[in-house]
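model_14.cif (mmCIF, C-alpha atoms)
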data_input
#
loop_
_atom_site.label_atom_id
_atom_site.label_comp_id
_atom_site.auth_asym_id
_atom_site.auth_seq_id
_atom_site.Cartn_x
_atom_site.Cartn_y
_atom_site.Cartn_z
CA MET A 1 -0.34 7.05 -20.72
CA LYS A 2 -0.59 3.41 -19.74
CA HIS A 3 -2.90 2.66 -22.69
CA PHE A 4 -0.42 4.06 -25.21
CA GLN A 5 2.88 2.95 -23.69
CA HIS A 6 3.27 -0.05 -26.00
CA LYS A 7 1.57 1.33 -29.11
CA SER A 8 3.98 2.25 -31.87
CA GLU A 9 1.55 4.42 -33.83
CA VAL A 10 0.72 6.79 -30.93
CA ARG A 11 3.11 8.44 -28.49
CA VAL A 12 2.37 10.55 -25.44
CA ALA A 13 4.95 13.25 -26.02
CA LEU A 14 4.34 15.63 -23.12
CA VAL A 15 2.14 16.12 -20.06
CA VAL A 16 1.28 19.72 -19.27
CA SER A 17 -0.34 20.90 -16.05
CA ASN A 18 -1.11 24.10 -14.25
CA LYS A 19 -0.89 22.33 -10.88
CA PRO A 20 2.57 21.38 -9.63
CA ASP A 21 1.11 18.62 -7.44
CA ALA A 22 -1.00 17.02 -10.19
CA GLY A 23 -0.81 13.25 -10.03
CA ALA A 24 -0.55 13.10 -13.83
CA LEU A 25 2.89 14.72 -13.62
CA ASP A 26 4.16 11.94 -11.35
CA ILE A 27 2.66 9.27 -13.59
CA ALA A 28 4.29 10.88 -16.63
CA ARG A 29 7.68 10.88 -14.93
CA GLN A 30 7.24 7.19 -14.03
CA HIS A 31 6.63 6.50 -17.74
CA GLY A 32 9.60 8.64 -18.82
CA ILE A 33 7.35 11.26 -20.42
CA PRO A 34 8.48 14.89 -20.27
CA THR A 35 6.37 17.33 -18.24
CA HIS A 36 5.76 21.05 -18.38
CA LEU A 37 4.18 23.33 -15.79
CA ILE A 38 2.25 26.37 -17.00
CA GLY A 39 1.15 29.52 -15.20
CA ARG A 40 -2.09 31.37 -15.83
CA ALA A 41 -0.56 34.67 -16.98
CA ASN A 42 1.88 33.02 -19.36
CA PHE A 43 -0.79 30.69 -20.78
CA PHE A 44 -3.30 33.44 -21.48
CA GLU A 45 -1.06 36.45 -22.19
CA THR A 46 1.60 34.83 -24.37
CA LYS A 47 1.76 32.05 -26.93
CA ASP A 48 4.82 30.44 -25.32
CA ILE A 49 3.06 27.09 -24.96
CA LEU A 50 3.03 26.75 -28.76
CA ALA A 51 6.84 26.64 -28.79
CA VAL A 52 6.85 24.05 -26.00
CA LEU A 53 4.36 21.89 -27.90
CA ALA A 54 6.36 22.25 -31.13
CA LYS A 55 9.60 21.30 -29.34
CA HIS A 56 7.97 18.04 -28.22
CA GLU A 57 6.34 17.48 -31.64
CA VAL A 58 2.83 17.55 -30.19
CA ASP A 59 0.18 17.39 -32.90
CA PHE A 60 -2.86 16.45 -30.78
CA ILE A 61 -3.93 17.59 -27.30
CA VAL A 62 -5.95 15.57 -24.81
CA LEU A 63 -7.48 17.39 -21.85
CA ALA A 64 -8.30 15.49 -18.68
CA GLY A 65 -9.11 17.46 -15.56
CA PHE A 66 -7.86 20.72 -17.07
CA LEU A 67 -10.31 23.41 -15.97
CA TRP A 68 -9.05 26.53 -17.74
CA LEU A 69 -10.75 27.71 -20.90
CA ILE A 70 -8.41 27.06 -23.82
CA PRO A 71 -7.37 30.40 -25.36
CA PRO A 72 -8.38 31.12 -28.96
CA TYR A 73 -4.77 31.09 -30.23
CA LEU A 74 -4.36 27.49 -29.05
CA VAL A 75 -7.76 26.36 -30.37
CA GLN A 76 -6.89 27.85 -33.75
CA ALA A 77 -3.42 26.28 -33.83
CA PHE A 78 -4.91 22.86 -33.00
CA GLN A 79 -8.26 23.13 -34.77
CA HIS A 80 -10.14 19.83 -34.34
CA ARG A 81 -7.04 18.41 -32.62
CA ILE A 82 -7.93 19.09 -28.97
CA VAL A 83 -10.33 16.78 -27.13
CA ASN A 84 -11.80 17.04 -23.67
CA ILE A 85 -13.73 14.64 -21.49
CA HIS A 86 -16.66 15.95 -19.48
CA PRO A 87 -18.36 14.01 -16.65
CA ALA A 88 -21.93 14.46 -17.92
CA LEU A 89 -24.03 14.06 -21.03
CA LEU A 90 -23.52 17.40 -22.71
CA PRO A 91 -25.18 19.75 -23.35
CA LYS A 92 -26.53 19.10 -19.85
CA TYR A 93 -24.36 20.16 -16.92
CA GLY A 94 -21.66 21.83 -18.97
CA GLY A 95 -20.11 25.27 -19.01
CA LYS A 96 -18.02 27.39 -16.71
CA GLY A 97 -17.94 26.08 -13.17
CA MET A 98 -19.44 22.71 -14.06
CA TYR A 99 -16.74 20.18 -13.26
CA GLY A 100 -16.08 17.28 -10.95
CA MET A 101 -18.35 16.82 -7.97
CA ARG A 102 -20.33 19.95 -8.90
CA VAL A 103 -21.63 18.10 -11.95
CA HIS A 104 -22.55 14.98 -9.97
CA GLU A 105 -24.30 17.05 -7.30
CA ALA A 106 -26.34 18.83 -9.99
CA VAL A 107 -27.28 15.48 -11.55
CA ARG A 108 -28.44 14.24 -8.12
CA VAL A 109 -30.45 17.40 -7.36
CA ALA A 110 -32.18 17.17 -10.75
CA ASN A 111 -33.11 13.52 -10.04
CA GLU A 112 -31.71 12.44 -13.39
CA LEU A 113 -32.28 8.80 -14.31
CA GLU A 114 -28.99 8.62 -16.21
CA THR A 115 -25.74 10.45 -16.64
CA GLY A 116 -22.46 9.64 -18.32
CA ILE A 117 -19.48 11.07 -20.12
CA THR A 118 -19.00 13.21 -23.17
CA ILE A 119 -15.82 13.33 -25.21
CA HIS A 120 -15.79 16.39 -27.44
CA PHE A 121 -13.55 18.55 -29.55
CA VAL A 122 -12.59 21.81 -27.87
CA ASN A 123 -13.59 25.19 -29.23
CA GLU A 124 -13.43 28.68 -27.71
CA GLN A 125 -16.34 28.00 -25.31
CA TYR A 126 -16.57 25.70 -22.32
CA ASP A 127 -18.01 22.31 -23.27
CA GLU A 128 -19.55 23.42 -26.58
CA GLY A 129 -17.30 21.72 -29.13
CA ASP A 130 -18.47 18.97 -31.46
CA ILE A 131 -19.38 15.82 -29.56
CA VAL A 132 -17.31 12.79 -30.54
CA PHE A 133 -18.64 10.16 -28.14
CA GLN A 134 -21.02 9.70 -25.22
CA ALA A 135 -21.49 6.78 -22.85
CA ARG A 136 -24.30 6.48 -20.34
CA CYS A 137 -24.88 4.94 -16.94
CA PRO A 138 -28.03 4.78 -14.82
CA VAL A 139 -28.52 6.90 -11.74
CA ALA A 140 -30.37 5.06 -8.98
CA ALA A 141 -32.64 6.99 -6.64
CA THR A 142 -30.32 6.01 -3.79
CA ASP A 143 -27.09 7.11 -5.52
CA THR A 144 -25.14 9.85 -3.79
CA PRO A 145 -22.99 12.29 -5.77
CA ALA A 146 -20.00 10.14 -4.76
CA ASP A 147 -21.71 7.03 -6.19
CA ILE A 148 -22.45 8.91 -9.40
CA ALA A 149 -18.84 10.10 -9.58
CA ARG A 150 -17.56 6.53 -9.20
CA ASN A 151 -19.82 5.26 -11.99
CA VAL A 152 -18.88 8.12 -14.30
CA GLN A 153 -15.18 7.65 -13.60
CA ALA A 154 -15.51 3.98 -14.54
CA LEU A 155 -16.93 5.10 -17.91
CA GLU A 156 -14.05 7.55 -18.35
CA HIS A 157 -11.43 4.86 -17.76
CA GLN A 158 -13.27 2.39 -19.97
CA HIS A 159 -13.78 4.67 -22.99
CA PHE A 160 -11.43 7.66 -23.08
CA PRO A 161 -8.22 5.91 -24.21
CA ASP A 162 -10.03 3.90 -26.90
CA VAL A 163 -11.85 6.93 -28.28
CA ILE A 164 -8.60 8.94 -28.39
CA GLU A 165 -6.93 6.09 -30.24
CA LYS A 166 -9.78 5.93 -32.78
CA ILE A 167 -9.60 9.68 -33.37
CA LEU A 168 -5.83 9.55 -33.88
CA LEU A 169 -5.80 6.50 -36.14
CA HIS A 170 -8.96 7.31 -38.07
CA PRO A 171 -9.38 11.10 -38.13
CA GLU A 172 -11.41 10.86 -41.34
CA TYR A 173 -14.38 9.63 -39.27
CA PHE A 174 -14.30 12.62 -36.98
#
Render the structure in this file as structure tokens.
Amino acid sequence: MKHFQHKSEVRVALVVSNKPDAGALDIARQHGIPTHLIGRANFFETKDILAVLAKHEVDFIVLAGFLWLIPPYLVQAFQHRIVNIHPALLPKYGGKGMYGMRVHEAVRVANELETGITIHFVNEQYDEGDIVFQARCPVAATDTPADIARNVQALEHQHFPDVIEKILLHPEYF
């Protein structure tokens, strides 16, 4: 939100969350961006979110920390217009249940020499959409999962806004 607040060609139109205490909702309110809270049953059993997105003129969806599988109706409505960020170098450490500290713990247990982030388009499967961008960082033998998480989060903050901007302004390359 901060990255795009002064950019005329891109507008954050809405922040949607399934968690009423999500920090992103507070940040959105501070930036004057509308918010919407969704429930599991409504999200998966109806298509009501499509009307909410249309009302706010949303034409691209960015996922960050959203752990639910995106339902097929939403993937189809926003084909190649939903991106997610994953805290590992997919296809490693992806799929259902692989998020947050679980990923970093798995990287540590496997004694990986590097890890990173993957930004990918969303399809009907967890973490299997077309990869748009990856960035890497080393994993030292002494790194704890918390150290790994800190390094990966630094990559997320460094790259995610810029990659989103490139996708939005130059979709022909993606």
Could you list, with a cut-off of 9 Å and counting only C-alpha atoms, the residues of region 130-158 of chain A near region 71-91 of chain A, each shown with its nearest atom pair and the distance in Å rounded to one decimal, rows sorted by chain and ascending number, as a Markdown table?
| residue | atom | partner | partner_atom | distance |
| --- | --- | --- | --- | --- |
| A:Asp130 | CA | A:His80 | CA | 8.9 |
| A:Ile131 | CA | A:Leu90 | CA | 8.2 |
| A:Val132 | CA | A:Val83 | CA | 8.7 |
| A:Gln134 | CA | A:Leu89 | CA | 6.8 |
| A:Ala135 | CA | A:Leu89 | CA | 7.9 |
| A:Arg136 | CA | A:Leu89 | CA | 7.6 |
| A:Ala149 | CA | A:Pro87 | CA | 8.1 |
| A:Val152 | CA | A:Pro87 | CA | 6.4 |
| A:Gln153 | CA | A:Pro87 | CA | 7.7 |
| A:Glu156 | CA | A:Ile85 | CA | 7.8 |
List every protein, DNA or RNA residue that has an atom no more than 12 Å from (-34.5, 4.2, -6.2) in the file's coordinate frame, counting all atoms listed in the file, and report them as a VMD selection string. chain A and resid 108 111 to 113 138 to 144
Requested write-out: C-alpha atoms of the selected residues, as a short mmCIF file (atom, residue, chain, number, x, y, z; two decimals), in the frame of the given file:
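After the write, again_27.cif holds the following:
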data_model
loop_
_atom_site.label_atom_id
_atom_site.label_comp_id
_atom_site.auth_asym_id
_atom_site.auth_seq_id
_atom_site.Cartn_x
_atom_site.Cartn_y
_atom_site.Cartn_z
CA ARG A 108 -28.44 14.24 -8.12
CA ASN A 111 -33.11 13.52 -10.04
CA GLU A 112 -31.71 12.44 -13.39
CA LEU A 113 -32.28 8.80 -14.31
CA PRO A 138 -28.03 4.78 -14.82
CA VAL A 139 -28.52 6.90 -11.74
CA ALA A 140 -30.37 5.06 -8.98
CA ALA A 141 -32.64 6.99 -6.64
CA THR A 142 -30.32 6.01 -3.79
CA ASP A 143 -27.09 7.11 -5.52
CA THR A 144 -25.14 9.85 -3.79
#
Go through the shown structure with the PyMOL selection byres ((chain A and resi 37-44) around 12) and write out the matching residues as a PDB file with C-alpha atoms, keeping the file's coordinate frame.
ATOM      1  CA  LEU A  14       4.340  15.630 -23.120  1.00  0.00           C
ATOM      2  CA  VAL A  15       2.140  16.120 -20.060  1.00  0.00           C
ATOM      3  CA  VAL A  16       1.280  19.720 -19.270  1.00  0.00           C
ATOM      4  CA  SER A  17      -0.340  20.900 -16.050  1.00  0.00           C
ATOM      5  CA  ASN A  18      -1.110  24.100 -14.250  1.00  0.00           C
ATOM      6  CA  LYS A  19      -0.890  22.330 -10.880  1.00  0.00           C
ATOM      7  CA  PRO A  20       2.570  21.380  -9.630  1.00  0.00           C
ATOM      8  CA  ASP A  21       1.110  18.620  -7.440  1.00  0.00           C
ATOM      9  CA  ALA A  22      -1.000  17.020 -10.190  1.00  0.00           C
ATOM     10  CA  ALA A  24      -0.550  13.100 -13.830  1.00  0.00           C
ATOM     11  CA  LEU A  25       2.890  14.720 -13.620  1.00  0.00           C
ATOM     12  CA  PRO A  34       8.480  14.890 -20.270  1.00  0.00           C
ATOM     13  CA  THR A  35       6.370  17.330 -18.240  1.00  0.00           C
ATOM     14  CA  HIS A  36       5.760  21.050 -18.380  1.00  0.00           C
ATOM     15  CA  GLU A  45      -1.060  36.450 -22.190  1.00  0.00           C
ATOM     16  CA  THR A  46       1.600  34.830 -24.370  1.00  0.00           C
ATOM     17  CA  LYS A  47       1.760  32.050 -26.930  1.00  0.00           C
ATOM     18  CA  ASP A  48       4.820  30.440 -25.320  1.00  0.00           C
ATOM     19  CA  ILE A  49       3.060  27.090 -24.960  1.00  0.00           C
ATOM     20  CA  LEU A  50       3.030  26.750 -28.760  1.00  0.00           C
ATOM     21  CA  ALA A  51       6.840  26.640 -28.790  1.00  0.00           C
ATOM     22  CA  VAL A  52       6.850  24.050 -26.000  1.00  0.00           C
ATOM     23  CA  LEU A  53       4.360  21.890 -27.900  1.00  0.00           C
ATOM     24  CA  PHE A  66      -7.860  20.720 -17.070  1.00  0.00           C
ATOM     25  CA  LEU A  67     -10.310  23.410 -15.970  1.00  0.00           C
ATOM     26  CA  TRP A  68      -9.050  26.530 -17.740  1.00  0.00           C
ATOM     27  CA  LEU A  69     -10.750  27.710 -20.900  1.00  0.00           C
ATOM     28  CA  ILE A  70      -8.410  27.060 -23.820  1.00  0.00           C
ATOM     29  CA  PRO A  71      -7.370  30.400 -25.360  1.00  0.00           C
ATOM     30  CA  PRO A  72      -8.380  31.120 -28.960  1.00  0.00           C
ATOM     31  CA  TYR A  73      -4.770  31.090 -30.230  1.00  0.00           C
ATOM     32  CA  LEU A  74      -4.360  27.490 -29.050  1.00  0.00           C
TER      33      LEU A  74
END
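Each of A:Ile27, A:Ala54, A:Ala13, A:Leu63 was compared to Val122 (chain A) using all atoms listed in the file, and A:Leu63 turns out to be the nearest.
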Please identify all polymer residues lying at most 7 Å from the point (6.2, 14.5, -27.2) (file coordinates), using all atoms listed in the file, and present the result as a list in words.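 So the residues meeting the distance criterion are Arg11, Val12, Ala13, Leu14, His56, Glu57 and Val58 of chain A.
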Could you please fill out region 7-33 of chain A with N, CA and C atoms and send it back as a PDB file, in the coordinates of the input?
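As a result, result_14.pdb now contains:
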ATOM      1  N   LYS A   7       2.148   1.166 -27.770  1.00  0.00           N
ATOM      2  CA  LYS A   7       1.570   1.330 -29.110  1.00  0.00           C
ATOM      3  C   LYS A   7       2.547   2.147 -29.951  1.00  0.00           C
ATOM      4  N   SER A   8       2.966   1.582 -31.050  1.00  0.00           N
ATOM      5  CA  SER A   8       3.980   2.250 -31.870  1.00  0.00           C
ATOM      6  C   SER A   8       3.414   3.407 -32.683  1.00  0.00           C
ATOM      7  N   GLU A   9       2.123   3.383 -32.967  1.00  0.00           N
ATOM      8  CA  GLU A   9       1.550   4.420 -33.830  1.00  0.00           C
ATOM      9  C   GLU A   9       1.120   5.681 -33.081  1.00  0.00           C
ATOM     10  N   VAL A  10       1.112   5.640 -31.742  1.00  0.00           N
ATOM     11  CA  VAL A  10       0.720   6.790 -30.930  1.00  0.00           C
ATOM     12  C   VAL A  10       1.732   6.936 -29.800  1.00  0.00           C
ATOM     13  N   ARG A  11       2.132   8.173 -29.555  1.00  0.00           N
ATOM     14  CA  ARG A  11       3.110   8.440 -28.490  1.00  0.00           C
ATOM     15  C   ARG A  11       2.634   9.608 -27.644  1.00  0.00           C
ATOM     16  N   VAL A  12       2.624   9.434 -26.348  1.00  0.00           N
ATOM     17  CA  VAL A  12       2.370  10.550 -25.440  1.00  0.00           C
ATOM     18  C   VAL A  12       3.683  11.307 -25.338  1.00  0.00           C
ATOM     19  N   ALA A  13       3.704  12.503 -25.891  1.00  0.00           N
ATOM     20  CA  ALA A  13       4.950  13.250 -26.020  1.00  0.00           C
ATOM     21  C   ALA A  13       5.233  14.171 -24.842  1.00  0.00           C
ATOM     22  N   LEU A  14       4.177  14.608 -24.148  1.00  0.00           N
ATOM     23  CA  LEU A  14       4.340  15.630 -23.120  1.00  0.00           C
ATOM     24  C   LEU A  14       3.093  15.649 -22.256  1.00  0.00           C
ATOM     25  N   VAL A  15       3.270  15.881 -20.965  1.00  0.00           N
ATOM     26  CA  VAL A  15       2.140  16.120 -20.060  1.00  0.00           C
ATOM     27  C   VAL A  15       2.314  17.523 -19.510  1.00  0.00           C
ATOM     28  N   VAL A  16       1.275  18.326 -19.697  1.00  0.00           N
ATOM     29  CA  VAL A  16       1.280  19.720 -19.270  1.00  0.00           C
ATOM     30  C   VAL A  16       0.246  19.891 -18.165  1.00  0.00           C
ATOM     31  N   SER A  17       0.600  20.639 -17.140  1.00  0.00           N
ATOM     32  CA  SER A  17      -0.340  20.900 -16.050  1.00  0.00           C
ATOM     33  C   SER A  17      -0.141  22.301 -15.520  1.00  0.00           C
ATOM     34  N   ASN A  18      -1.208  22.822 -14.936  1.00  0.00           N
ATOM     35  CA  ASN A  18      -1.110  24.100 -14.250  1.00  0.00           C
ATOM     36  C   ASN A  18      -0.990  23.890 -12.742  1.00  0.00           C
ATOM     37  N   LYS A  19      -0.985  22.637 -12.305  1.00  0.00           N
ATOM     38  CA  LYS A  19      -0.890  22.330 -10.880  1.00  0.00           C
ATOM     39  C   LYS A  19       0.375  21.521 -10.622  1.00  0.00           C
ATOM     40  N   PRO A  20       1.300  22.081  -9.863  1.00  0.00           N
ATOM     41  CA  PRO A  20       2.570  21.380  -9.630  1.00  0.00           C
ATOM     42  C   PRO A  20       2.414  20.051  -8.910  1.00  0.00           C
ATOM     43  N   ASP A  21       1.316  19.865  -8.175  1.00  0.00           N
ATOM     44  CA  ASP A  21       1.110  18.620  -7.440  1.00  0.00           C
ATOM     45  C   ASP A  21       0.164  17.661  -8.160  1.00  0.00           C
ATOM     46  N   ALA A  22      -0.099  17.892  -9.433  1.00  0.00           N
ATOM     47  CA  ALA A  22      -1.000  17.020 -10.190  1.00  0.00           C
ATOM     48  C   ALA A  22      -0.419  15.618 -10.282  1.00  0.00           C
ATOM     49  N   GLY A  23      -1.244  14.643  -9.980  1.00  0.00           N
ATOM     50  CA  GLY A  23      -0.810  13.250 -10.030  1.00  0.00           C
ATOM     51  C   GLY A  23      -0.349  12.832 -11.417  1.00  0.00           C
ATOM     52  N   ALA A  24      -0.933  13.445 -12.454  1.00  0.00           N
ATOM     53  CA  ALA A  24      -0.550  13.100 -13.830  1.00  0.00           C
ATOM     54  C   ALA A  24       0.928  13.398 -14.093  1.00  0.00           C
ATOM     55  N   LEU A  25       1.474  14.402 -13.431  1.00  0.00           N
ATOM     56  CA  LEU A  25       2.890  14.720 -13.620  1.00  0.00           C
ATOM     57  C   LEU A  25       3.774  13.593 -13.080  1.00  0.00           C
ATOM     58  N   ASP A  26       3.407  13.055 -11.917  1.00  0.00           N
ATOM     59  CA  ASP A  26       4.160  11.940 -11.350  1.00  0.00           C
ATOM     60  C   ASP A  26       4.059  10.695 -12.230  1.00  0.00           C
ATOM     61  N   ILE A  27       2.852  10.426 -12.723  1.00  0.00           N
ATOM     62  CA  ILE A  27       2.660   9.270 -13.590  1.00  0.00           C
ATOM     63  C   ILE A  27       3.485   9.427 -14.866  1.00  0.00           C
ATOM     64  N   ALA A  28       3.496  10.630 -15.417  1.00  0.00           N
ATOM     65  CA  ALA A  28       4.290  10.880 -16.630  1.00  0.00           C
ATOM     66  C   ALA A  28       5.770  10.602 -16.363  1.00  0.00           C
ATOM     67  N   ARG A  29       6.266  11.101 -15.261  1.00  0.00           N
ATOM     68  CA  ARG A  29       7.680  10.880 -14.930  1.00  0.00           C
ATOM     69  C   ARG A  29       7.980   9.384 -14.787  1.00  0.00           C
ATOM     70  N   GLN A  30       7.049   8.638 -14.184  1.00  0.00           N
ATOM     71  CA  GLN A  30       7.240   7.190 -14.030  1.00  0.00           C
ATOM     72  C   GLN A  30       7.302   6.496 -15.390  1.00  0.00           C
ATOM     73  N   HIS A  31       6.623   7.062 -16.389  1.00  0.00           N
ATOM     74  CA  HIS A  31       6.630   6.500 -17.740  1.00  0.00           C
ATOM     75  C   HIS A  31       7.711   7.127 -18.629  1.00  0.00           C
ATOM     76  N   GLY A  32       8.530   8.004 -18.051  1.00  0.00           N
ATOM     77  CA  GLY A  32       9.600   8.640 -18.820  1.00  0.00           C
ATOM     78  C   GLY A  32       9.092   9.685 -19.808  1.00  0.00           C
ATOM     79  N   ILE A  33       7.934  10.250 -19.534  1.00  0.00           N
ATOM     80  CA  ILE A  33       7.350  11.260 -20.420  1.00  0.00           C
ATOM     81  C   ILE A  33       7.682  12.644 -19.880  1.00  0.00           C
TER      82      ILE A  33
END
